[in-house]
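Just below is one structure, and these are the notes that go with it.
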Amino acid sequence: MGSPLPEIALLAQGFAMCAHRNQRRKYEDAPYVVHCERVARTVAEYSDDPNVIAAAFMHDVLEDTDVTAEEMRRVFGDIITDLVMEVTDVSRPSDGVRAVRKDKDKEHLARSSAGGATIKLADLIDNCVSIAAHDKGFAVVYLREADALLKVLKHGDKRLWEWARDTLAAARAQLP
């Protein structure tokens, strides 16, 4: 990314840092927000839309913290909050086994905007690299799910979709 982040994206970065302040990234033992920053910076390489970049910083806030959509909406408005909601899992443990839940989440992502799909592609890239490197057992499951998501995310940035496809292939090649 050659240019500085838009002001709204910097606000979103700070918001994500506060929301995830007590969380650590599972495999890296780094602050969780490091993942959010990698996703947002990847998105910023492929999109110049400040709203999409801001939403990328906060893509896991609603799913993984106690921040509500209403609180986010008061700070960031409808466009950014709606983008975050597009990439937030809608399934709940009560929906059944993992396969059923992930199908429900996949159908939700299939209805996302191009910006939402672009955020999710960047998220997949970062997660694939981390999971394949650190948890080969779970990687088998995760990469199968990611492959299914790729099929419904073709409306995201084409170059980022190709990068995600190639990252999945490279991650699969690391597995026994």
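FYI, nothing fancy with the structure tokens labels: chains A, B, ... in order, residues from 1 per chain, ligands from 1 as they appear.
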### Query
Can you tell me, as a ChimeraX atom specification, what residues are no more than 7 Å from A:Thr167 when counting only C-alpha atoms, ignoring any on the same chain fewer than 4 positions away?
/A:125,163,171
Can you build me a table of stretch 7-72 of chain A residues sitting at most 10 Å from stretch 107-121 of chain A, with the closest atom pair per residue and its distance in Å to one decimal, using only C-alpha atoms, sorted by chain and residue number, as CSV?
```
residue,atom,partner,partner_atom,distance
A:Val39,CA,A:Ile119,CA,7.2
A:Ala40,CA,A:Ile119,CA,7.6
A:Thr42,CA,A:Ile119,CA,8.7
A:Val43,CA,A:Ile119,CA,6.2
A:Ala44,CA,A:Ile119,CA,9.7
A:Tyr46,CA,A:Thr118,CA,8.3
A:Ser47,CA,A:Gly115,CA,8.3
A:Asp49,CA,A:Gly115,CA,8.4
A:Asn51,CA,A:Gly115,CA,8.8
A:Val52,CA,A:Gly115,CA,5.8
A:Ile53,CA,A:Ile119,CA,8.1
A:Ala55,CA,A:Ile119,CA,7.8
A:Ala56,CA,A:Ile119,CA,5.6
A:Phe57,CA,A:Ile119,CA,9.2
A:His59,CA,A:Ile119,CA,7.6
```
### Task
Determine which residues of stretch 1-162 of chain A receive a DSSP assignment of helix (DSSP H, G or I), computed from the backbone, and state them as a count of residues only.
117
### Task
Compile the contact shell of A:Ala12 as a VMD selection string: residues with an atom at most 7 Å away, counting only C-alpha atoms, same-chain residues fewer than 3 positions apart removed.
chain A and resid 8 to 9 15 to 16 54 57 to 58
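Among the candidates A:Val152, A:Ala69, A:Cys18, A:Leu143, the one nearest to A:Ala170 when counting only C-alpha atoms is A:Leu143.
With distances restricted to only C-alpha atoms, A:Val61 is the closest residue to A:Val84 from A:Val61, A:Cys36, A:Leu124, A:Leu5.
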### Query
If we count only C-alpha atoms, what is near A:Glu63 at a cut-off of 8 Å, once residues fewer than 2 positions away on the same chain are taken out, given as a PyMOL selection string?
chain A and resi 60-61+65+88-89
Emit the selected residues as a CSV table (one decimal), in the first residue's frame, including N, CA and C atoms.
```
chain,number,residue,atom,x,y,z
A,60,ASP,N,-13.9,-8.6,12.5
A,60,ASP,CA,-14.2,-9.6,13.5
A,60,ASP,C,-14.8,-9.0,14.8
A,61,VAL,N,-15.0,-7.7,14.9
A,61,VAL,CA,-15.4,-7.1,16.1
A,61,VAL,C,-16.8,-7.6,16.5
A,65,THR,N,-16.2,-9.9,19.9
A,65,THR,CA,-16.2,-9.1,21.1
A,65,THR,C,-17.6,-8.8,21.5
A,88,THR,N,-19.7,-11.0,9.0
A,88,THR,CA,-19.9,-11.6,10.4
A,88,THR,C,-20.7,-12.9,10.3
A,89,ASP,N,-20.2,-14.0,10.9
A,89,ASP,CA,-20.9,-15.2,10.9
A,89,ASP,C,-22.3,-15.0,11.5
```
